[in-house]
Amino acid sequence: MSGKLGVMEKTCTVMLPLTMNSSENRENVCIFGTGDFGRSLGLKMLQCGYSVVFGSRNPRTSRLLPNGAEVLSYSEAAQKSDIILIAIHREHYEFLTELIEVLKGKILVDVSNNLKINQYPESNAEYLAQLVPGAHVVKAFNTISAWALQSGALDASRQVFICGNDSKAKQRVVDIVRTLGLTPLDRGSLSAATEIENYPLQLFPMWRFPFYLSAALCLFFFIYCVIREVIYPYVQEKEDSTFRMAISIPNRVFPITALTLLALVYLPGVIAAILQLYRGTKYQRFPDWLDHWMLCRKQLGLVALGFAFLHAIYTLVIPIRYYVRWRIRNTTITQVITKKDNPFITSMAWLSDSYVSLGILGFFLFVLLGITSLPSVSNMMNWREFRFVQSKLGYLTLILCTAHTLVYGGRKFLSSSILRWYLPSAYVLALIIPSTVLVIKFILIMPCINKTLMRIRQGWERNSKYSKSALNGKSDI
Amino acid sequence: MSGKLGVMEKTCTVMLPLTMNSSENRENVCIFGTGDFGRSLGLKMLQCGYSVVFGSRNPRTSRLLPNGAEVLSYSEAAQKSDIILIAIHREHYEFLTELIEVLKGKILVDVSNNLKINQYPESNAEYLAQLVPGAHVVKAFNTISAWALQSGALDASRQVFICGNDSKAKQRVVDIVRTLGLTPLDRGSLSAATEIENYPLQLFPMWRFPFYLSAALCLFFFIYCVIREVIYPYVQEKEDSTFRMAISIPNRVFPITALTLLALVYLPGVIAAILQLYRGTKYQRFPDWLDHWMLCRKQLGLVALGFAFLHAIYTLVIPIRYYVRWRIRNTTITQVITKKDNPFITSMAWLSDSYVSLGILGFFLFVLLGITSLPSVSNMMNWREFRFVQSKLGYLTLILCTAHTLVYGGRKFLSSSILRWYLPSAYVLALIIPSTVLVIKFILIMPCINKTLMRIRQGWERNSKYSKSALNGKSDI
Amino acid sequence: MSGKLGVMEKTCTVMLPLTMNSSENRENVCIFGTGDFGRSLGLKMLQCGYSVVFGSRNPRTSRLLPNGAEVLSYSEAAQKSDIILIAIHREHYEFLTELIEVLKGKILVDVSNNLKINQYPESNAEYLAQLVPGAHVVKAFNTISAWALQSGALDASRQVFICGNDSKAKQRVVDIVRTLGLTPLDRGSLSAATEIENYPLQLFPMWRFPFYLSAALCLFFFIYCVIREVIYPYVQEKEDSTFRMAISIPNRVFPITALTLLALVYLPGVIAAILQLYRGTKYQRFPDWLDHWMLCRKQLGLVALGFAFLHAIYTLVIPIRYYVRWRIRNTTITQVITKKDNPFITSMAWLSDSYVSLGILGFFLFVLLGITSLPSVSNMMNWREFRFVQSKLGYLTLILCTAHTLVYGGRKFLSSSILRWYLPSAYVLALIIPSTVLVIKFILIMPCINKTLMRIRQGWERNSKYSKSALNGKSDI
């Protein structure tokens with residue numbers, strides 16, 4: 001996909017003759033530091049038509065610099081341009097205090113990253129601003145990798161987060177970012193630098209809770225099923241059914257986890273509605289755990305979709321398993337030998353077909369939900385459409401999947417649902433949270449309750465002291 | 001995905017000390033109205049480094065305003081800034097006529113939405129421009145939700161459509177939108193405001209026709225199949241096959257609908273080509289129905305892909321159905337008992353394997369087409385590639401799927417394709433439109449016809465009166 | 001998805017009254033040439049609030065021009081605006097030399113395309129700049145199609161690549177592009193015009209190598225399998241198993257191709273690491289073939305995913321094939337007749353279930369990898385996350401898929417893996433590259449070797465002559 005652009009940029013690296021631009025107005029940029037990242041950035045800037053000067057402690061021994069770039073001492077280089085990229089580790093910033101006079105009024109771009117999240121009390125950019133108070137410090141470029149700049153293969157983010165206190169300085173940096181073919185994103189004042197510096201060190205922070213939760217659920221249900229389906233028959237009848245741990249038990253654990261996670265996507269909304277009804281206002285903050293839960297609903301839903309996908313494939317491979325083929329053959333042979341009759345029971349056909357059909361339709365809607373949560377797709381929808389999909393279609397999915405489990409359970413119930421060591425079948429546990437969510441939701445959408453909730457969500461308050469202001473609010477959006 | 005940015009912005013909400021910016025040049029923004037949306041927007045602007053003044057009818061009783069914001073009377077607030085966001089319902093705009101003097105030369109940003117599409121004869125923004133003729137009215141921000149601004153979870157659109165007659169005023173608003181981390185999209189002059197105000201009220205307008213069409217097709221084929229496969233056997237042999245309605249009949253209805261819809265994606269292109277050939281020019285407008293049909297081809301294709309996906313899963317679950325297992329067991333037992341021979345017929349194996357193989361390949365290409373229609377993927381392709389995928393690969397998909405149905409039908413034909421109540425098998429109906437499209441397309445790509453068509457599409461006209469101009473056209477693009 | 005915007009723009013086409021804007025400051029734009037593209041662009045500009053003047057050789061005979069546009073002679077039209085779009089074929093540029101005086105200081109936008117890649121020694125835009133030396137030439141709009149501008153259905157790229165030597169002229173064009181609702185992308189100086197002119201003529205250049213490679217692999221393995229499984233039994237036992245070519249053999253060829261391609265995604269990284277270790281530096285360029293290979297790894301991986309997807313479906317349809325049903329029925333009947341015992345072998349159940357389970361998990365991770373390579377998804381990840389997914393998850397996928405093949409092979413080995421005409425089973429060939437990659441990777445991540453490699457990748461050099469500069473490098477990023 002981005003490969004083509006990669007090629008364009010790569011060829012550009014090779015082909016662009018630098019002489020072409022020299023006659024016309026080229027902007028000067030200075031880079032302090034001749035490390036890997038500094039050089040990559042300099043090369044890219046040269047290719048995009050900038051005139052680049054490197055500042056180095058030992059200008060003569062600096063090697064590997066891109067052709068066409070000048071190397072000078074720090075103070076000489078700084079005088080050549082009003083914008084200076086500081087491609088130096090934070091630990092070595094102190095020497096800049098010697099250059100305070102030269103750097104006065106210049107734009108200093110801090111491109112540094114740390115090794116750990118919140119490694120220092122203040123961000124590198126703020127530290128730089130303290131060291132060189134006369135300069136305009138802008139944080140930028142720390143989210144881009146040197147390798148990506150070199151190879152042109154910007155497969156991961158092209159986004160460059162920018163922050164700074166001086167808006168003109170920021171605008172200059174934004175222009176450079178755009179010219180390099182990257183996407184600038186203004187994050188406000190320099191105090192946002194801490195966040196921007198932590199960003200490249202993050203590893204899926206929003207996915208952590210859903211991941212650990214689903215791992216815990218999987219483990220619990222796996223052990224539960226192993227006890228009921230492997231240990232119990234072994235203890236009772238010395239039957240070796242360990243092979244069930246490869247497919248049969250995962251295919252019980254995955255759908256249960258998927259359904260539970262899907263219900264947990266809709267549970268916080270239901271809790272929030274109850275809280276709002278109880279408090280009679282929407283202007284009180286939710287507890288932190290609820291806030292965090294609501295913000296990672298999308299991730300919970302996508303993890304649930306992953307498990308549903310695994311369940312679908314594990315189910316579809318059933319007929320090609322050795323065990324299943326052996327069992328079917330055995331049943332047939334036994335029936336032939338015992339000459340037992342084989343009547344067709346329509347109710348069984350209905351039960352079997354309808355739980356399969358419910359499951360397929362639920363899975364289909366679930367996949368649709370997943371597709372609409374792709375950034376480029378959800379970006380094409382307005383809020384009304386987004387809410388329609390995520391709420392209406394989402395609840396329909398939950399209803400279909402719960403019904404699928406119920407009918408499947410119902411079928412099991414008819415045939416052999418005895419307790420084993422007082423443990424009910426795992427699917428019974430799977431139904432607890434979804435059923436609870438659906439029942440409460442059903443109560444919440446009853447006209448009398450729903451009306452109150454809607455009024456609260458439009459800003460109405462039960463115990464408002466400002467009656468006049470409430471009137472006022474009516475004319476305001 | 002966007003969760004991470006959500007976290008960044010959320011933390012930003014909490015962490016940004018407002019004192020940091022105060023020393024430097026902060027821009028003043030005024031917001032009229034202290035409703036939910038006005039407050040959310042104000043809070044977001046404060047966080048992004050703006051200095052915010054609220055204008056309110058009762059400045060003293062206004063509550064819940066973000067920390068750091070000033071509240072003044074309308075006229076006092078308006079004097080503090082040259083840009084004023086009108087976060088007030090259209091019904092209450094009249095009071096602004098009292099402020100005409102103060103608002104002269106100011107930028108008024110209309111953020112309002114209506115409750116219904118085309119609720120008023122003119123857009124809110126144009127109405128505002130009439131009320132306050134001395135001000136520069138810009139429409140913006142109406143597509144963003146207050147909740148999204150508050151929580152930072154901008155999962156749906158970050159796009160802010162902007163329109164206005166004064167380009168400098170627009171540019172100012174564009175800059176604010178960018179600083180808030182949103183995506184500005186210029187839609188031209190203020191007359192586009194009607195469209196922009198209708199946008200958030202739309203519910204999948206392009207999907208409506210494909211949705212209703214496919215629902216109608218499904219219903220028709222479902223009833224058709226129920227008559228042939230449930231009512232007919234019941235009337236003729238008192239056989240209860242109602243259970244077929246859960247899987248067997250949907251799995252006949254879905255592929256038929258999918259194939260018909262896929263053919264309907266390519267039918268308008270074929271009709272357009274015939275029209276162009278008949279008229280001898282491409283400079284006459286197509287009838288409106290054809291125009292609309294051509295614009296929703298993508299949606300038709302994606303709905304068809306949905307049905308094809310359902311057909312694929314419904315087919316794959318066949319062997320785990322109770323009915324199918326019973327029938328296979330029964331066949332085996334009957335064969336054992338009757339001691340009938342069970343010869344392997346190679347032609348049957350060929351037929352069965354090839355229709356399955358054609359279906360799989362068709363489905364695979366169909367999925368590829370679906371992936372390339374994802375906005376972020378299609379955005380990476382140039383026109384030549386896009387046309388190659390959607391036209392060449394699309395027709396290949398149609399050919400494979402039609403062949404799949406033909407071979408499947410062929411197999412049925414050999415075994416038991418009698419008419420029931422003069423009704424042919426449903427698959428025969430399914431083949432009508434696809435075959436027609438393919439035959440006409442085959443005629444159109446024959447060299448003699450294709451050459452004329454290509455010339456017409458490059459701007460040639462059969463009955464052109466302007467021979468000189470035609471010459472002229474040759475040098476122009 | 002983009003349909004909605006399409007509708008907005010379309011309606012806009014119809015509804016926007018041009019009179020609205022006339023009173024306010026409208027920008028003048030001149031278009032030379034009244035061909036299809038020139039007219040479409042002019043219409044779009046009129047709709048977006050520009051005042052458009054066409055320049056034509058025969059102003060009076062020009063037809064089909066949009067309402068509201070003026071048509072003048074070239075020199076008259078040029079005087080009306082300081083920005084002129086040259087919508088004329090390159091072959092007719094010479095006449096512009098007559099207008100050199102009028103065009104002095106003007107911005108000339110070259111929108112032309114060629115018919116072939118690298119058709120002329122220099123790009124059209126550079127040729128234009130030579131012809132009219134006094135003007136500022138900017139290349140733009142050549143990637144947009146006239147049809148898309150007319151219909152508003154910009155499904156493929158909205159990206160407009162721009163290049164030029166004068167930054168102010170470029171900025172003017174960038175502003176126009178944004179106002180038309182398109183996405184400007186600055187590509188640097190005018191020497192990039194060759195690339196930009198070649199871009200719309202490309203047809204998936206990055207996919208060509210993966211496509212031909214996979215086609216060659218498929219063909220080779222198909223023939224190999226036909227020899228072993230169709231020709232061999234026919235020659236030896238006159239058995240007709242041609243029907244195997246429809247499903248059985250593809251379902252052997254596809255997984256082998258998928259696994260080989262997946263291993264080829266990780267092979268260049270392993271080769272690069274060995275090269276770096278051998279050279280003791282990362283600052284030597286890789287050979288060109290390795291560079292190219294590394295840049296199309298993503299495409300290789302996605303083609304592999306396609307084959308894996310086909311393998312998954314071909315496997316899932318196994319139980320509904322006539323041949324398989326016949327064989328199962330036959331086995332059962334034979335067993336009944338011969339009264340042979342049918343013992344359940346736990347080890348067989350383990351083997352069968354575990355290779356299926358490994359395959360499903362591998363496929364699941366593979367699909368995850370595919371989803372994260374969607375541009376809009378990968379754009380949401382930082383480099384650490386992207387590397388985690390593509391490297392860690394990628395290798396896990398390779399391990400699972402290799403294990404899946406090994407266990408499957410192991411099972412076959414137990415039953416019937418005799419050589420046929422000295423040819424081993426195809427799965428043995430499939431394992432060569434993946435096993436090699438995994439073994440070398442395992443050696444590379446052993447602490448002693450990994451440490452050296454990490455140091456090299458951070459810029460350390462074994463034979464560095466610049467010891468001081470190496471020190472210097474430590475402080476620089």
# chains A, B, ... in the order shown; residues from 1 in each chain; ligands from 1
call {"tool": "closest_atom_pairs", "arguments": {"of": "range 185-301 of chain A", "to": "range 321-327 of chain A", "cutoff": "10 Å", "atoms": "only C-alpha atoms", "output": "Markdown table"}}
result
| residue | atom | partner | partner_atom | distance |
| --- | --- | --- | --- | --- |
| A:Phe243 | CA | A:Tyr323 | CA | 9.1 |
| A:Arg244 | CA | A:Tyr323 | CA | 9.4 |
| A:Ile247 | CA | A:Arg321 | CA | 9.1 |
call {"tool": "closest_atom_pairs", "arguments": {"of": "chain A", "to": "chain B", "cutoff": "7 Å", "atoms": "only C-alpha atoms", "output": "Markdown table"}}
result
| residue | atom | partner | partner_atom | distance |
| --- | --- | --- | --- | --- |
| A:Met1 | CA | B:Met380 | CA | 5.8 |
| A:Ser2 | CA | B:Met380 | CA | 6.7 |
| A:Asn165 | CA | B:Asn21 | CA | 6.4 |
| A:Asp166 | CA | B:Glu24 | CA | 6.9 |
| A:Leu185 | CA | B:Gly181 | CA | 6.5 |
| A:Asp186 | CA | B:Thr179 | CA | 5.5 |
| A:Arg187 | CA | B:Gly181 | CA | 7.0 |
| A:Gly188 | CA | B:Cys48 | CA | 4.8 |
| A:Ser189 | CA | B:Gly49 | CA | 6.3 |
| A:Ser191 | CA | B:Leu16 | CA | 6.2 |
| A:Ala192 | CA | B:Cys12 | CA | 6.8 |
| A:Glu195 | CA | B:Met8 | CA | 6.5 |
| A:Met206 | CA | B:Gly3 | CA | 6.2 |
| A:Leu316 | CA | B:Val317 | CA | 6.1 |
| A:Pro319 | CA | B:Pro319 | CA | 6.5 |
| A:Thr332 | CA | B:Arg329 | CA | 6.0 |
| A:Val336 | CA | B:Ile333 | CA | 6.2 |
| A:Thr346 | CA | B:Phe243 | CA | 6.9 |
| A:Ala349 | CA | B:Tyr323 | CA | 5.6 |
| A:Trp350 | CA | B:Phe243 | CA | 5.0 |
| A:Ser352 | CA | B:Tyr322 | CA | 6.0 |
| A:Asp353 | CA | B:Ala246 | CA | 5.7 |
| A:Ser354 | CA | B:Ala246 | CA | 5.6 |
| A:Ser357 | CA | B:Ile247 | CA | 6.4 |
| A:Ser376 | CA | B:Ser376 | CA | 5.6 |
| A:Val377 | CA | B:Pro375 | CA | 6.6 |
| A:Ser378 | CA | B:Ala156 | CA | 5.1 |
| A:Asn379 | CA | B:Ser157 | CA | 4.2 |
| A:Met380 | CA | B:Ser157 | CA | 6.2 |
| A:Met381 | CA | B:Ser157 | CA | 6.0 |
| A:Asn382 | CA | B:Pro200 | CA | 5.6 |
| A:Trp383 | CA | B:Ala156 | CA | 6.1 |
| A:Arg384 | CA | B:Pro200 | CA | 6.5 |
| A:Glu385 | CA | B:Leu203 | CA | 5.5 |
| A:Phe386 | CA | B:Ala156 | CA | 6.1 |
| A:Gly459 | CA | B:Asp36 | CA | 6.8 |
| A:Tyr466 | CA | B:Thr61 | CA | 6.9 |
| A:Ser469 | CA | B:Thr61 | CA | 5.9 |
| A:Gly473 | CA | B:Gly35 | CA | 5.1 |
| A:Ser475 | CA | B:His89 | CA | 5.6 |
| A:Asp476 | CA | B:Ile88 | CA | 4.1 |
| A:Ile477 | CA | B:Gly35 | CA | 4.8 |
call {"tool": "residues_around", "arguments": {"residues": "Glu76 in chain B", "least_positions_apart": "6", "cutoff": "10 Å", "atoms": "only C-alpha atoms", "output": "list of chain:residue names"}}
result
B:Val53, B:Phe54, B:Gly55, B:Ser56, B:Val102
call {"tool": "write_last_selection", "arguments": {"atoms": "N, CA and C atoms", "output": "short mmCIF file (atom, residue, chain, number, x, y, z; two decimals), in the first residue's frame"}}
result
data_model
loop_
_atom_site.label_atom_id
_atom_site.label_comp_id
_atom_site.auth_asym_id
_atom_site.auth_seq_id
_atom_site.Cartn_x
_atom_site.Cartn_y
_atom_site.Cartn_z
N VAL B 53 -13.56 33.53 26.54
CA VAL B 53 -14.55 34.38 27.22
C VAL B 53 -15.93 33.90 26.81
N PHE B 54 -16.78 33.61 27.79
CA PHE B 54 -18.16 33.22 27.47
C PHE B 54 -19.06 34.45 27.50
N GLY B 55 -19.97 34.52 26.54
CA GLY B 55 -21.01 35.53 26.58
C GLY B 55 -22.30 34.86 27.02
N SER B 56 -22.98 35.45 28.02
CA SER B 56 -24.18 34.80 28.56
C SER B 56 -25.21 35.86 28.90
N VAL B 102 -21.65 46.04 17.73
CA VAL B 102 -20.48 45.38 18.34
C VAL B 102 -19.92 44.30 17.43
#
call {"tool": "atom_distance", "arguments": {"atom1": "CA of Pro434 in chain B", "atom2": "CA of Tyr266 in chain B"}}
result
8.9 Å
call {"tool": "select_by_dssp", "arguments": {"residues": "range 143-383 of chain A", "states": "alpha helix (DSSP H)", "output": "VMD selection string"}}
result
chain A and resid 146 to 151 167 to 179 193 to 198 205 to 226 232 to 237 250 to 279 288 to 295 297 to 316 322 to 338 346 to 372 375 to 378 383
call {"tool": "atom_distance", "arguments": {"atom1": "CA of Leu96 in chain B", "atom2": "CA of Ala125 in chain B"}}
result
13.1 Å
call {"tool": "atom_distance", "arguments": {"atom1": "CA of Ile249 in chain B", "atom2": "CA of Ile399 in chain A"}}
result
22.8 Å
call {"tool": "residues_around", "arguments": {"residues": "range 216-232 of chain C", "least_positions_apart": "3", "cutoff": "9 Å", "atoms": "only C-alpha atoms", "output": "list of chain:residue names"}}
result
C:Phe211, C:Tyr212, C:Leu213, C:Val235, C:Gln236, C:Glu237, C:Lys238, C:Glu239, C:Asp240, C:Ser241, C:Thr242, C:Phe243, C:Arg244, C:Met245, C:Ile249, C:Pro250, C:Arg252, C:Val253, C:Phe254, C:Ile256, C:Thr257, C:Thr260, C:Arg420, C:Trp421, C:Leu423, C:Pro424, C:Ser425, C:Ala426
call {"tool": "residues_around", "arguments": {"residues": "Ile360 in chain C", "least_positions_apart": "2", "cutoff": "9 Å", "atoms": "only C-alpha atoms", "output": "PyMOL selection string"}}
result
(chain A and resi 310+313-314) or (chain C and resi 312+355-358+362-365+401+404)
call {"tool": "write_last_selection", "arguments": {"atoms": "all heavy atoms", "output": "mmCIF file, in the first residue's frame"}}
result
data_model
loop_
_atom_site.group_PDB
_atom_site.id
_atom_site.type_symbol
_atom_site.label_atom_id
_atom_site.label_comp_id
_atom_site.auth_asym_id
_atom_site.auth_seq_id
_atom_site.Cartn_x
_atom_site.Cartn_y
_atom_site.Cartn_z
ATOM 1 N N LEU A 310 -11.994 -17.146 16.308
ATOM 2 C CA LEU A 310 -11.389 -18.444 16.620
ATOM 3 C C LEU A 310 -12.479 -19.497 16.832
ATOM 4 O O LEU A 310 -12.366 -20.628 16.340
ATOM 5 C CB LEU A 310 -10.523 -18.323 17.882
ATOM 6 C CG LEU A 310 -9.162 -17.670 17.668
ATOM 7 C CD1 LEU A 310 -8.463 -17.433 18.985
ATOM 8 C CD2 LEU A 310 -8.282 -18.565 16.787
ATOM 9 N N ILE A 313 -13.835 -20.709 13.458
ATOM 10 C CA ILE A 313 -12.992 -21.663 12.723
ATOM 11 C C ILE A 313 -12.925 -22.997 13.467
ATOM 12 O O ILE A 313 -13.017 -24.057 12.857
ATOM 13 C CB ILE A 313 -11.575 -21.112 12.507
ATOM 14 C CG1 ILE A 313 -11.628 -19.719 11.907
ATOM 15 C CG2 ILE A 313 -10.811 -22.025 11.534
ATOM 16 C CD1 ILE A 313 -10.298 -19.236 11.434
ATOM 17 N N TYR A 314 -12.761 -22.958 14.784
ATOM 18 C CA TYR A 314 -12.722 -24.217 15.544
ATOM 19 C C TYR A 314 -13.992 -25.037 15.344
ATOM 20 O O TYR A 314 -13.967 -26.266 15.374
ATOM 21 C CB TYR A 314 -12.510 -23.930 17.037
ATOM 22 C CG TYR A 314 -11.056 -23.827 17.445
ATOM 23 C CD1 TYR A 314 -10.472 -22.620 17.765
ATOM 24 C CD2 TYR A 314 -10.261 -24.977 17.512
ATOM 25 C CE1 TYR A 314 -9.139 -22.519 18.131
ATOM 26 C CE2 TYR A 314 -8.932 -24.895 17.880
ATOM 27 C CZ TYR A 314 -8.375 -23.664 18.186
ATOM 28 O OH TYR A 314 -7.059 -23.589 18.541
ATOM 29 N N ALA C 312 -7.270 -22.131 3.981
ATOM 30 C CA ALA C 312 -8.246 -22.309 5.057
ATOM 31 C C ALA C 312 -9.606 -22.715 4.487
ATOM 32 O O ALA C 312 -10.217 -23.686 4.951
ATOM 33 C CB ALA C 312 -8.372 -21.017 5.873
ATOM 34 N N TYR C 355 -2.423 -30.555 15.035
ATOM 35 C CA TYR C 355 -1.998 -29.855 13.819
ATOM 36 C C TYR C 355 -3.092 -28.913 13.330
ATOM 37 O O TYR C 355 -2.799 -27.812 12.847
ATOM 38 C CB TYR C 355 -1.498 -30.824 12.730
ATOM 39 C CG TYR C 355 -2.453 -31.217 11.656
ATOM 40 C CD1 TYR C 355 -2.752 -30.366 10.594
ATOM 41 C CD2 TYR C 355 -3.054 -32.446 11.666
ATOM 42 C CE1 TYR C 355 -3.637 -30.726 9.603
ATOM 43 C CE2 TYR C 355 -3.945 -32.821 10.688
ATOM 44 C CZ TYR C 355 -4.237 -31.956 9.658
ATOM 45 O OH TYR C 355 -5.115 -32.311 8.698
ATOM 46 N N VAL C 356 -4.338 -29.293 13.522
ATOM 47 C CA VAL C 356 -5.427 -28.383 13.154
ATOM 48 C C VAL C 356 -5.384 -27.132 14.033
ATOM 49 O O VAL C 356 -5.491 -26.002 13.552
ATOM 50 C CB VAL C 356 -6.787 -29.100 13.292
ATOM 51 C CG1 VAL C 356 -7.928 -28.107 13.210
ATOM 52 C CG2 VAL C 356 -6.941 -30.160 12.218
ATOM 53 N N SER C 357 -5.180 -27.346 15.337
ATOM 54 C CA SER C 357 -5.170 -26.234 16.281
ATOM 55 C C SER C 357 -4.016 -25.276 15.986
ATOM 56 O O SER C 357 -4.192 -24.050 15.985
ATOM 57 C CB SER C 357 -5.059 -26.786 17.689
ATOM 58 O OG SER C 357 -5.777 -26.003 18.587
ATOM 59 N N LEU C 358 -2.825 -25.837 15.709
ATOM 60 C CA LEU C 358 -1.674 -24.998 15.361
ATOM 61 C C LEU C 358 -1.962 -24.173 14.115
ATOM 62 O O LEU C 358 -1.642 -22.986 14.034
ATOM 63 C CB LEU C 358 -0.442 -25.867 15.125
ATOM 64 C CG LEU C 358 0.257 -26.406 16.367
ATOM 65 C CD1 LEU C 358 1.257 -27.485 15.981
ATOM 66 C CD2 LEU C 358 0.955 -25.282 17.117
ATOM 67 N N GLY C 362 -2.083 -20.143 13.939
ATOM 68 C CA GLY C 362 -1.187 -19.469 12.998
ATOM 69 C C GLY C 362 -1.953 -18.577 12.041
ATOM 70 O O GLY C 362 -1.573 -17.430 11.798
ATOM 71 N N PHE C 363 -3.058 -19.103 11.519
ATOM 72 C CA PHE C 363 -3.870 -18.333 10.585
ATOM 73 C C PHE C 363 -4.449 -17.098 11.270
ATOM 74 O O PHE C 363 -4.474 -16.008 10.701
ATOM 75 C CB PHE C 363 -5.000 -19.212 10.032
ATOM 76 C CG PHE C 363 -5.905 -18.508 9.069
ATOM 77 C CD1 PHE C 363 -5.419 -18.025 7.867
ATOM 78 C CD2 PHE C 363 -7.243 -18.325 9.360
ATOM 79 C CE1 PHE C 363 -6.252 -17.372 6.965
ATOM 80 C CE2 PHE C 363 -8.084 -17.674 8.471
ATOM 81 C CZ PHE C 363 -7.589 -17.197 7.281
ATOM 82 N N PHE C 364 -4.886 -17.276 12.508
ATOM 83 C CA PHE C 364 -5.452 -16.160 13.273
ATOM 84 C C PHE C 364 -4.425 -15.030 13.415
ATOM 85 O O PHE C 364 -4.714 -13.860 13.154
ATOM 86 C CB PHE C 364 -5.904 -16.659 14.643
ATOM 87 C CG PHE C 364 -6.407 -15.580 15.547
ATOM 88 C CD1 PHE C 364 -7.611 -14.948 15.282
ATOM 89 C CD2 PHE C 364 -5.693 -15.193 16.666
ATOM 90 C CE1 PHE C 364 -8.093 -13.954 16.109
ATOM 91 C CE2 PHE C 364 -6.163 -14.196 17.504
ATOM 92 C CZ PHE C 364 -7.371 -13.570 17.219
ATOM 93 N N LEU C 365 -3.202 -15.388 13.826
ATOM 94 C CA LEU C 365 -2.156 -14.368 13.970
ATOM 95 C C LEU C 365 -1.825 -13.728 12.619
ATOM 96 O O LEU C 365 -1.558 -12.533 12.523
ATOM 97 C CB LEU C 365 -0.893 -14.976 14.572
ATOM 98 C CG LEU C 365 -0.965 -15.306 16.059
ATOM 99 C CD1 LEU C 365 0.390 -15.761 16.556
ATOM 100 C CD2 LEU C 365 -1.422 -14.094 16.859
ATOM 101 N N CYS C 401 3.001 -21.756 11.982
ATOM 102 C CA CYS C 401 2.693 -22.338 10.674
ATOM 103 C C CYS C 401 3.691 -23.443 10.328
ATOM 104 O O CYS C 401 3.317 -24.466 9.735
ATOM 105 C CB CYS C 401 2.680 -21.262 9.593
ATOM 106 S SG CYS C 401 1.337 -20.091 9.801
ATOM 107 N N HIS C 404 2.704 -26.395 12.363
ATOM 108 C CA HIS C 404 1.499 -26.972 11.755
ATOM 109 C C HIS C 404 1.885 -27.918 10.614
ATOM 110 O O HIS C 404 1.408 -29.054 10.536
ATOM 111 C CB HIS C 404 0.634 -25.812 11.257
ATOM 112 C CG HIS C 404 -0.467 -26.163 10.313
ATOM 113 N ND1 HIS C 404 -1.566 -26.906 10.694
ATOM 114 C CD2 HIS C 404 -0.664 -25.844 9.007
ATOM 115 C CE1 HIS C 404 -2.380 -27.038 9.660
ATOM 116 N NE2 HIS C 404 -1.863 -26.404 8.622
#
